[in-house]
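Trainee: The structure is given below, and queries will be raised subsequently.
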Amino acid sequence: MSLTARRLKPLLDRVLVEKIVAPTRTAAGILLPETTTKLNSGVVIATGTGARTRDGGIIPVSVKEGDKVLLPEYGGTPIVLGDKEFSLYRNDDLLGILEE
């Protein structure tokens with residue numbers, strides 16, 4: 001993770017995610033079509049504190065730094081920090097946590 005990404009702290013229920021880039025070639029050197037290389041997953045880089053309730057309480061985010069998450073096909077706010085691309089999602093937009 002880049003030093004610049006560590007300095008960005010998302011607000012409220014937002015989650016900073018670095019998308020996982022799928023390989024475009026196999027180990028044997030065969031080029032893969034774009035449809036098979038598109039992955040909707042990423043790694044959580046940073047999280048906000050959580051959403052606020054009407055009475056001022058905090059609902060914590062459901063992921064933590066380092067979690068692999070399933071992302072929606074569309075959505076998120078693209079952010080470029082240094083030479084890397086990240087996306088900022090609301091906690092509710094994340095579809096699930098991928099366990100190994």
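Labels used: A, B, ... for chains in the order of the structure tokens, numbers from 1 for residues in each chain, and numbers from 1 for ligands as shown.
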Fewer than 3 positions away in the same chain doesn't count, so skip those; otherwise give me all residues within 10 Å of region 63-80 of chain A, counting only C-alpha atoms, as number ranges by chain.

Mentor: A: 4-5, 14-20, 38-48, 60, 83-91, 93-100

Trainee: Tell me which protein, DNA and RNA residues are within 12 Å of region 55-59 of chain A, counting only C-alpha atoms, leaving out same-chain ones fewer than 2 positions away, and put them as JSON, numbers by chain.

Mentor: {"A": [12, 13, 14, 48, 49, 50, 51, 52, 53, 61, 62, 91, 92]}
